[in-house]
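> mmCIF, C-alpha atoms and all ligand atoms, file my_file.cif:
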```cif
data_model
#
loop_
_atom_site.label_atom_id
_atom_site.label_comp_id
_atom_site.auth_asym_id
_atom_site.auth_seq_id
_atom_site.Cartn_x
_atom_site.Cartn_y
_atom_site.Cartn_z
CA MET K 106 -25.56 16.28 17.03
CA ARG K 107 -23.71 15.99 13.72
CA THR K 108 -23.10 12.68 11.99
CA ILE K 109 -19.51 12.32 10.80
CA VAL K 110 -18.66 9.33 8.60
CA ILE K 111 -14.95 8.51 8.40
CA THR K 112 -13.40 5.86 6.15
CA GLY K 113 -10.06 4.74 7.53
CA GLY K 114 -11.36 5.89 10.91
CA THR K 115 -9.65 3.03 12.75
CA ASP K 116 -6.11 4.33 12.35
CA GLY K 117 -3.87 7.27 11.49
CA MET K 118 -5.46 10.60 10.68
CA GLY K 119 -8.95 9.11 10.30
CA ALA K 120 -8.74 7.79 13.87
CA ALA K 121 -7.47 11.18 15.09
CA LEU K 122 -10.57 12.81 13.59
CA ALA K 123 -12.81 10.11 15.08
CA ARG K 124 -11.33 10.72 18.56
CA HIS K 125 -11.88 14.45 18.21
CA TYR K 126 -15.50 14.24 17.07
CA LEU K 127 -16.39 11.63 19.69
CA ALA K 128 -14.88 13.91 22.34
CA VAL K 129 -17.01 16.87 21.26
CA GLY K 130 -20.19 14.76 21.27
CA ASP K 131 -20.89 14.07 17.60
CA ARG K 132 -22.04 10.74 16.22
CA VAL K 133 -19.08 9.15 14.49
CA VAL K 134 -19.45 6.31 12.01
CA VAL K 135 -16.11 4.59 11.50
CA ILE K 136 -15.57 2.53 8.36
CA GLY K 137 -12.66 0.13 8.33
CA ARG K 138 -11.76 -3.53 8.44
CA ASP K 139 -10.44 -3.98 11.96
CA ARG K 140 -13.21 -4.00 14.56
CA ALA K 141 -10.73 -4.43 17.44
CA LYS K 142 -9.05 -1.12 16.57
CA PHE K 143 -12.46 0.58 16.50
CA GLU K 144 -13.42 -0.89 19.89
CA ALA K 145 -10.17 0.32 21.46
CA LEU K 146 -10.80 3.81 20.06
CA ARG K 147 -14.42 3.84 21.24
CA ASP K 148 -13.60 2.50 24.72
CA ALA K 149 -10.89 5.14 25.18
CA ALA K 150 -13.39 7.85 24.21
CA GLY K 151 -15.87 7.10 27.02
CA PRO K 152 -18.94 5.06 27.93
CA PRO K 153 -21.25 4.20 25.02
CA ALA K 154 -24.51 6.11 24.66
CA THR K 155 -27.61 4.08 25.45
CA PRO K 156 -30.52 4.24 22.99
CA ALA K 157 -32.50 6.28 25.55
CA ALA K 158 -29.74 8.85 25.87
CA THR K 159 -29.29 9.98 22.30
CA GLY K 160 -30.63 13.55 22.63
CA PRO K 161 -28.36 16.61 22.66
CA ALA K 162 -27.99 16.51 26.46
CA ALA K 163 -26.51 13.03 26.27
CA SER K 164 -23.34 14.21 24.54
CA ASP K 165 -22.75 16.88 27.20
CA ALA K 166 -22.95 14.16 29.81
CA GLY K 167 -20.15 12.22 28.11
CA PRO K 168 -21.49 9.05 26.45
CA VAL K 169 -19.98 8.47 23.03
CA HIS K 170 -21.96 7.86 19.87
CA ALA K 171 -19.64 5.61 17.94
CA GLU K 172 -20.64 3.13 15.25
CA PHE K 173 -18.55 0.74 13.21
CA VAL K 174 -19.28 -0.44 9.71
CA ALA K 175 -16.89 -3.15 8.56
CA ALA K 176 -16.06 -2.88 4.88
CA ASP K 177 -13.22 -3.66 2.52
CA LEU K 178 -13.10 -0.58 0.31
CA SER K 179 -11.00 -2.38 -2.28
CA SER K 180 -14.09 -4.52 -2.96
CA ILE K 181 -16.86 -3.05 -5.11
CA ALA K 182 -19.47 -5.42 -3.68
CA ASP K 183 -18.51 -4.58 -0.11
CA THR K 184 -18.43 -0.83 -0.81
CA ARG K 185 -21.88 -0.93 -2.42
CA ARG K 186 -23.25 -2.97 0.50
CA MET K 187 -21.78 -0.50 2.99
CA VAL K 188 -23.20 2.53 1.14
CA ASP K 189 -26.66 0.87 1.17
CA GLN K 190 -26.30 0.23 4.91
CA LEU K 191 -25.35 3.86 5.60
CA ARG K 192 -28.32 5.04 3.52
CA ARG K 193 -30.66 2.80 5.49
CA GLU K 194 -29.30 3.79 8.89
CA HIS K 195 -28.70 7.55 8.49
CA GLU K 196 -31.10 10.14 7.18
CA ARG K 197 -28.47 12.89 7.30
CA ILE K 198 -24.68 12.93 7.04
CA ASP K 199 -22.96 16.20 7.93
CA ALA K 200 -19.40 15.26 7.04
CA LEU K 201 -17.95 12.45 4.95
CA VAL K 202 -14.20 12.04 5.43
CA LEU K 203 -12.39 9.77 2.97
CA ALA K 204 -9.15 8.68 4.65
CA ALA K 205 -8.74 4.95 4.01
CA SER K 206 -5.30 4.10 2.75
CA TYR K 207 -3.35 0.97 1.85
CA ILE K 208 -0.22 1.75 -0.13
CA ARG K 209 0.74 -0.81 -2.76
CA GLN K 210 3.84 -0.12 -4.76
CA ARG K 211 2.99 -2.88 -7.22
CA ARG K 212 -0.08 -3.62 -9.30
CA HIS K 213 -2.47 -5.91 -7.45
CA LEU K 214 -5.68 -7.44 -8.75
CA THR K 215 -8.53 -7.94 -6.29
CA ALA K 216 -10.64 -11.11 -6.14
CA GLU K 217 -13.18 -9.16 -8.24
CA GLY K 218 -10.53 -8.68 -10.93
CA TYR K 219 -9.96 -4.93 -10.49
CA GLU K 220 -6.75 -3.04 -9.80
CA ALA K 221 -6.75 -2.61 -6.03
CA SER K 222 -5.35 0.93 -5.68
CA TRP K 223 -7.65 2.36 -8.34
CA VAL K 224 -10.63 0.89 -6.48
CA LEU K 225 -9.53 1.82 -2.94
CA PHE K 226 -8.30 5.32 -3.74
CA PHE K 227 -10.88 6.35 -6.32
CA VAL K 228 -13.73 4.05 -7.32
CA SER K 229 -14.87 3.38 -3.73
CA LYS K 230 -14.73 7.12 -3.02
CA TYR K 231 -16.84 7.80 -6.12
CA LEU K 232 -19.41 5.24 -4.90
CA LEU K 233 -19.49 6.81 -1.42
CA VAL K 234 -19.75 10.42 -2.60
CA THR K 235 -22.43 9.73 -5.21
CA GLY K 236 -24.27 7.10 -3.15
CA LEU K 237 -24.49 9.33 -0.07
CA ALA K 238 -25.27 12.57 -1.97
CA GLY K 239 -28.89 12.56 -0.77
CA ARG K 240 -27.84 12.09 2.87
CA LEU K 241 -25.31 14.93 2.59
CA ARG K 242 -27.93 17.16 0.97
CA ALA K 243 -30.07 16.70 4.09
CA ALA K 244 -27.41 18.47 6.20
CA THR K 245 -27.42 22.25 6.63
CA ARG K 246 -23.69 22.64 5.94
CA PRO K 247 -22.43 19.39 4.42
CA ILE K 248 -18.80 18.67 3.64
CA VAL K 249 -16.80 15.95 1.92
CA VAL K 250 -13.12 15.82 2.84
CA ASN K 251 -11.07 13.72 0.46
CA THR K 252 -7.54 13.12 1.72
CA ALA K 253 -6.22 12.77 -1.81
CA VAL K 254 -3.30 15.17 -1.93
CA PRO K 255 -4.33 17.84 -4.47
CA GLY K 256 -2.30 19.18 -7.36
CA ALA K 257 -1.77 16.30 -9.80
CA ARG K 258 -1.42 17.20 -13.49
CA ALA K 259 -4.59 17.62 -15.53
CA ASP K 260 -3.57 14.82 -17.92
CA ALA K 261 -2.72 12.27 -15.19
CA ILE K 262 -5.59 9.88 -15.98
CA ASP K 263 -5.24 7.05 -18.50
CA PHE K 264 -8.88 6.78 -19.56
CA ASP K 265 -8.20 3.74 -21.75
CA ASP K 266 -6.50 1.73 -19.03
CA PRO K 267 -6.97 3.19 -15.52
CA GLY K 268 -6.13 -0.21 -14.03
CA MET K 269 -2.71 0.05 -15.76
CA SER K 270 -2.75 -3.45 -17.24
CA ARG K 271 -0.14 -2.38 -19.78
CA GLY K 272 2.44 -1.30 -17.22
CA PHE K 273 2.02 -0.13 -13.66
CA SER K 274 3.93 2.70 -12.08
CA PHE K 275 3.30 3.71 -8.47
CA THR K 276 3.90 7.37 -9.28
CA ARG K 277 1.45 7.37 -12.20
CA SER K 278 -1.14 5.37 -10.25
CA ASN K 279 -0.90 7.84 -7.38
CA ALA K 280 -1.16 10.90 -9.65
CA GLN K 281 -4.11 9.35 -11.49
CA GLN K 282 -6.19 8.76 -8.37
CA ARG K 283 -5.31 12.19 -6.97
CA ARG K 284 -6.45 13.84 -10.19
CA ALA K 285 -9.65 11.77 -10.35
CA ASN K 286 -10.50 12.73 -6.76
CA GLU K 287 -10.03 16.41 -7.51
CA LEU K 288 -12.39 16.04 -10.49
CA LEU K 289 -14.94 14.15 -8.38
CA GLY K 290 -15.58 17.45 -6.59
CA ILE K 291 -16.98 18.90 -9.83
CA LEU K 292 -19.63 16.19 -9.94
CA ALA K 293 -20.44 16.42 -6.23
CA THR K 294 -20.79 20.21 -6.07
CA ALA K 295 -22.73 20.39 -9.36
CA GLU K 296 -25.40 18.17 -7.81
CA ASP K 297 -25.40 20.10 -4.52
CA PRO K 298 -24.14 23.72 -4.65
CA ASN K 299 -24.40 23.83 -0.84
CA LEU K 300 -21.79 21.08 -0.50
CA ALA K 301 -18.17 21.82 0.45
CA TYR K 302 -15.78 19.42 -1.27
CA VAL K 303 -12.20 19.65 -0.06
CA THR K 304 -9.19 17.74 -1.35
CA TRP K 305 -6.62 17.83 1.42
CA GLY K 306 -3.15 16.55 2.12
CA PRO K 307 -1.04 17.13 5.21
CA SER K 308 1.74 19.73 4.99
CA GLY K 309 4.40 17.06 5.60
CA LEU K 310 4.63 13.43 6.63
CA VAL K 311 2.46 12.25 9.49
CA ARG K 312 3.32 9.51 11.99
CA THR K 313 0.61 7.04 10.96
CA SER K 314 0.51 3.30 10.37
CA PHE K 315 1.46 3.67 6.66
CA ALA K 316 -0.57 0.51 6.06
CA GLY K 317 0.45 -1.25 2.87
CA GLU K 318 2.77 -3.51 0.95
CA VAL K 319 5.84 -1.51 0.05
CA GLY K 320 9.51 -2.12 -0.75
CA PRO K 321 12.41 -1.58 1.65
CA GLY K 322 13.10 1.96 0.32
CA MET K 323 9.62 3.21 1.16
CA LYS K 324 9.60 1.32 4.47
CA ILE K 325 12.81 3.09 5.51
CA SER K 326 11.52 6.51 4.36
CA ALA K 327 8.25 5.97 6.25
CA ALA K 328 10.18 4.91 9.37
CA VAL K 329 12.67 7.80 9.22
CA PHE K 330 10.59 10.66 7.83
CA GLY K 331 7.20 9.51 9.10
CA THR K 332 7.76 7.77 12.41
CA VAL K 333 10.68 9.88 13.61
CA LEU K 334 10.17 13.28 11.99
CA GLY K 335 6.45 13.13 11.12
CA LYS K 336 3.73 15.08 12.88
CA ARG K 337 1.40 13.34 15.30
CA PRO K 338 -1.94 12.56 13.60
CA ASP K 339 -3.88 14.61 16.18
CA ALA K 340 -1.79 17.68 15.34
CA ALA K 341 -1.87 17.03 11.58
CA VAL K 342 -5.69 16.99 11.43
CA ARG K 343 -6.18 20.35 13.22
CA PRO K 344 -6.66 22.22 9.92
CA LEU K 345 -9.16 19.57 8.80
CA ILE K 346 -11.22 20.07 11.94
CA ASP K 347 -11.40 23.81 11.19
CA LEU K 348 -12.58 23.05 7.63
CA ILE K 349 -15.19 20.54 8.77
CA ASP K 350 -16.51 22.86 11.48
CA ASP K 351 -16.91 25.84 9.14
CA PRO K 352 -17.43 24.45 5.64
CA ALA K 353 -17.53 26.79 2.65
CA PRO K 354 -19.71 25.58 -0.25
CA GLY K 355 -17.84 24.66 -3.44
CA ARG K 356 -14.52 23.02 -4.21
CA ALA K 357 -11.27 23.82 -2.47
CA ALA K 358 -7.85 22.25 -1.98
CA TYR K 359 -5.36 22.50 0.87
CA ARG K 360 -1.97 21.28 2.01
CA GLY K 361 -2.21 21.52 5.79
CA THR K 362 -3.63 25.00 6.44
CA ARG K 363 -2.46 26.38 3.09
CA PRO K 364 -5.04 26.73 0.31
CA THR K 365 -3.67 25.50 -3.02
CA PRO K 366 -5.13 26.28 -6.43
CA LEU K 367 -7.32 23.63 -8.03
CA VAL K 368 -5.68 22.31 -11.18
CA ALA K 369 -7.76 23.35 -14.18
CA GLY K 370 -7.57 21.19 -17.29
CA GLY K 371 -9.13 21.88 -20.67
CA HIS K 372 -11.80 19.17 -20.35
CA ASP K 373 -12.51 18.76 -16.63
CA ARG K 374 -16.28 18.35 -16.92
CA GLU K 375 -15.96 15.89 -19.79
CA ASP K 376 -13.24 14.01 -17.90
CA ILE K 377 -15.30 13.45 -14.74
CA ALA K 378 -18.35 12.54 -16.85
CA ARG K 379 -16.18 9.95 -18.63
CA LEU K 380 -14.97 8.53 -15.31
CA ALA K 381 -18.53 8.37 -13.99
CA GLN K 382 -19.69 6.52 -17.12
CA MET K 383 -16.77 4.12 -16.84
CA ILE K 384 -17.57 3.30 -13.22
CA GLU K 385 -21.30 2.83 -13.81
CA ARG K 386 -20.46 0.53 -16.76
CA ASP K 387 -17.45 -1.45 -15.48
CA PHE K 388 -17.78 -1.62 -11.69
CA ARG K 389 -21.15 -3.28 -11.12
N1 LIG K 401 0.62 9.61 6.64
C1 LIG K 401 1.06 10.55 5.83
O1 LIG K 401 2.16 11.11 6.02
C2 LIG K 401 0.23 10.97 4.63
C3 LIG K 401 0.80 11.86 3.72
C4 LIG K 401 0.02 12.27 2.62
C5 LIG K 401 -1.28 11.80 2.47
N2 LIG K 401 -1.79 10.93 3.37
C6 LIG K 401 -3.18 10.48 3.15
O2 LIG K 401 -3.93 10.61 4.35
C7 LIG K 401 -4.96 9.61 4.40
C8 LIG K 401 -4.89 8.87 5.71
O3 LIG K 401 -3.65 8.17 5.75
P1 LIG K 401 -3.01 7.61 7.10
O4 LIG K 401 -1.53 7.57 6.85
O5 LIG K 401 -3.55 8.38 8.23
O6 LIG K 401 -3.59 6.11 7.10
P2 LIG K 401 -3.11 4.84 7.93
O7 LIG K 401 -2.60 5.20 9.28
O8 LIG K 401 -2.20 4.01 7.05
O9 LIG K 401 -4.50 4.07 8.15
C9 LIG K 401 -5.14 3.51 7.05
C10 LIG K 401 -6.61 3.37 7.35
O10 LIG K 401 -7.24 2.89 6.16
C11 LIG K 401 -8.01 1.75 6.46
N3 LIG K 401 -7.98 0.82 5.33
C12 LIG K 401 -6.91 0.35 4.67
N4 LIG K 401 -7.29 -0.48 3.70
C13 LIG K 401 -8.64 -0.54 3.74
C14 LIG K 401 -9.61 -1.23 2.99
N5 LIG K 401 -9.28 -2.06 1.98
N6 LIG K 401 -10.91 -1.07 3.30
C15 LIG K 401 -11.27 -0.25 4.32
N7 LIG K 401 -10.40 0.44 5.07
C16 LIG K 401 -9.09 0.29 4.79
C17 LIG K 401 -7.36 1.14 7.69
O11 LIG K 401 -8.37 0.42 8.38
P3 LIG K 401 -8.15 -1.03 9.03
O12 LIG K 401 -6.85 -0.99 9.75
O13 LIG K 401 -9.36 -1.15 9.92
O14 LIG K 401 -8.15 -1.97 7.89
C18 LIG K 401 -6.92 2.37 8.46
O15 LIG K 401 -7.97 2.88 9.23
C19 LIG K 401 -4.73 8.73 3.17
O16 LIG K 401 -5.59 9.15 2.14
C20 LIG K 401 -3.29 8.99 2.80
O17 LIG K 401 -3.06 8.79 1.41
C21 LIG K 401 -1.07 10.50 4.46
#
```
Hey, can you dump this file as structure tokens for me?


Amino acid sequence: MRTIVITGGTDGMGAALARHYLAVGDRVVVIGRDRAKFEALRDAAGPPATPAATGPAASDAGPVHAEFVAADLSSIADTRRMVDQLRREHERIDALVLAASYIRQRRHLTAEGYEASWVLFFVSKYLLVTGLAGRLRAATRPIVVNTAVPGARADAIDFDDPGMSRGFSFTRSNAQQRRANELLGILATAEDPNLAYVTWGPSGLVRTSFAGEVGPGMKISAAVFGTVLGKRPDAAVRPLIDLIDDPAPGRAAYRGTRPTPLVAGGHDREDIARLAQMIERDFR
């Protein structure tokens, strides 16, 4: 039985993946904030597995192996606590899917004093990928799927002010975290050449919760293009399931089923090393 860890597994595409992997008998660890959403998902998937029925035959018989870890991934302390908990409770992680999302169109400082989107969409992912590296290494064919749409420009990161204290723009913030997440794959695969690290975005809008605090323009676009015209999450994640089930070591990027070239900058290794240093220094 594989162990699949999914951030944002309570809703949207993360929940669609959780439903799929519970249905095929894997152990799914859902990370999110809303326990009630997790319980609804788990109860719909089938009866829970009892401790005595955790062998391979148990999954064929139908019980689901679902676990919930509550964590606010815009909090550094909570993310570190959750990573420690996962390390204590799981010797091996086969797939780590990073799909938590909370869209903020404006700059927002967390109670810890950090810019919320930078933490949720990059720093927490860095802490998960690096903190769980040993558990991923224990899997035969490990994969990290980072749902940070690939393809941002190589110079998208403001290394002097990633929290954008001198002027926030949603577009720049989004490009910055997408770029940083593509670079994170360099670090992850350098430490474990057997690891597949995929940055993935859907091929179009998907009918998800679009959780966040956004203005009327984005609300209307999400309602029209997402809710009405968007794909169902279960259909949108089909290509992701194929990638997770047959991972190829190394970095790759996709939009839906379509491979897209990784953006190569002139200083990629230096850039991710700089980000790593910054996180270890500033996000204790
Ligand atoms: N939907 C689209 O059309 C689209 C397009 C391009 C890219 N994407 C990307 O696809 C990924 C999944 O997006 P989605 O639209 O499927 O998401 P979604 O339906 O909006 O669900 C967001 C998920 O993130 C969790 N979450 C939000 N804030 C959190 C926090 N502070 N700490 C922990 N968990 C938190 C939520 O959990 P709780 O409810 O439990 O808090 C929920 O499970 C994201 O990376 C997104 O950027 C989506």

> List the residues sitting within 7 Å of (-3.1, 19.3, -6.0) in the file's frame, using only C-alpha atoms, as a list in words.

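Looking at atoms near the point gives Val254, Pro255, Gly256, Ala257, Ala358, Thr365, Leu367 and Val368 of chain K.
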
> Which neighbours of Phe275 (chain K) fall inside 12 Å, counting all atoms listed in the file, when residues of the same chain fewer than 3 positions from it are skipped, and could you give them as JSON, numbers by chain?

{"K": [208, 209, 210, 211, 212, 213, 222, 223, 268, 269, 272, 278, 279, 280, 281, 282, 318, 319, 320, 323]}

> Limited to C-alpha atoms, could you put the picked residues into a file as a PDB file, keeping the file's coordinate frame?


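New file part-v9.pdb:
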```pdb
ATOM      1  CA  ILE K 208      -0.220   1.750  -0.130  1.00  0.00           C
ATOM      2  CA  ARG K 209       0.740  -0.810  -2.760  1.00  0.00           C
ATOM      3  CA  GLN K 210       3.840  -0.120  -4.760  1.00  0.00           C
ATOM      4  CA  ARG K 211       2.990  -2.880  -7.220  1.00  0.00           C
ATOM      5  CA  ARG K 212      -0.080  -3.620  -9.300  1.00  0.00           C
ATOM      6  CA  HIS K 213      -2.470  -5.910  -7.450  1.00  0.00           C
ATOM      7  CA  SER K 222      -5.350   0.930  -5.680  1.00  0.00           C
ATOM      8  CA  TRP K 223      -7.650   2.360  -8.340  1.00  0.00           C
ATOM      9  CA  GLY K 268      -6.130  -0.210 -14.030  1.00  0.00           C
ATOM     10  CA  MET K 269      -2.710   0.050 -15.760  1.00  0.00           C
ATOM     11  CA  GLY K 272       2.440  -1.300 -17.220  1.00  0.00           C
ATOM     12  CA  SER K 278      -1.140   5.370 -10.250  1.00  0.00           C
ATOM     13  CA  ASN K 279      -0.900   7.840  -7.380  1.00  0.00           C
ATOM     14  CA  ALA K 280      -1.160  10.900  -9.650  1.00  0.00           C
ATOM     15  CA  GLN K 281      -4.110   9.350 -11.490  1.00  0.00           C
ATOM     16  CA  GLN K 282      -6.190   8.760  -8.370  1.00  0.00           C
ATOM     17  CA  GLU K 318       2.770  -3.510   0.950  1.00  0.00           C
ATOM     18  CA  VAL K 319       5.840  -1.510   0.050  1.00  0.00           C
ATOM     19  CA  GLY K 320       9.510  -2.120  -0.750  1.00  0.00           C
ATOM     20  CA  MET K 323       9.620   3.210   1.160  1.00  0.00           C
TER      21      MET K 323
END
```

> So how many Å separate CA of Ala120 (chain K) and CA of Leu214 (chain K), to one decimal?

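We find that CA of Ala120 (chain K) and CA of Leu214 (chain K) lie 27.4 Å from each other.
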
> Closest to Pro267 (chain K) among K:Arg193, K:Arg240, K:Arg374, K:Arg379, using only C-alpha atoms?

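Closest to Pro267 (chain K) of all the choices is K:Arg379.
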
> Please work out which residues fall within 8 Å of (-23.7, 23.0, 1.1), coordinates as given in the file, with all atoms listed in the file counting, and return them as JSON, numbers by chain.

{"K": [242, 244, 245, 246, 247, 248, 297, 298, 299, 300, 301, 352, 353, 354, 355]}

> I'd like to know which of K:Ala176, K:Ala216, K:Ala341, K:Val303 is closest to ligand LIG 401 (chain K), using only C-alpha atoms and all ligand atoms.

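Among the listed residues, K:Ala176 lies closest to ligand LIG 401 (chain K).
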
> Return the single residue from K:Ala369, K:Val333, K:Leu241, K:Met383 that is closest to ligand LIG 401 (chain K), with distances computed using all atoms listed in the file.

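Distance minimum relative to ligand LIG 401 (chain K) lands on K:Val333.
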
> Could you tell me which of K:Ile111, K:Leu178, K:Leu191, K:Leu203 comes closest to ligand LIG 401 (chain K) if we count only C-alpha atoms and all ligand atoms?

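Of all the options, K:Leu178 lies closest to ligand LIG 401 (chain K).
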
> Just want the 9 Å neighbourhood of Ala182 (chain K), counted on all atoms listed in the file, with same-chain residues fewer than 5 positions away dropped. Output as a ChimeraX atom specification.

/K:177,187,217,389

> For ligand LIG 401 (chain K), which residue out of K:Asp339, K:Asp376, K:Asp265, K:Asp351 is the nearest one, using only C-alpha atoms and all ligand atoms?

K:Asp339

> Give me, please, the distance in Å between CA of Val234 (chain K) and CA of Gly306 (chain K), quoted to one decimal.

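Pair CA of Val234 (chain K) / CA of Gly306 (chain K) returns 18.3 Å.
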
> Hey, could you pull the box centre and edge lengths for ligand LIG 401 (chain K), axis-aligned, 6 Å padding per side, all listed atoms, to one decimal in Å, as lines of an AutoDock Vina configuration file?


```
center_x = -4.6
center_y = 5.1
center_z = 5.7
size_x = 25.4
size_y = 26.3
size_z = 20.5
```

> How far is it from CA of Ser229 (chain K) to CA of Pro153 (chain K), in Å with one decimal?

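So the answer is 29.5 Å.
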
> Taking into account all atoms listed in the file, which residue in the set K:Ile346, K:Met106, K:Ala150, K:Ile181 is nearest to ligand LIG 401 (chain K)?

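Looking only at the distances to ligand LIG 401 (chain K), the closest residue turns out to be K:Ile181.
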
> What lies within 9 Å of Thr362 (chain K) using all atoms listed in the file, ignoring chain neighbours under 2 positions off, as a ChimeraX atom specification?

/K:307-308,343-345,359-360,364

> Show me, as a PyMOL selection string, the residues that have an atom within 10 Å of Leu201 (chain K) when counting all atoms listed in the file, minus same-chain residues fewer than 4 positions from it.

chain K and resi 108-112+134+233-234+237+241+247-251+302+349
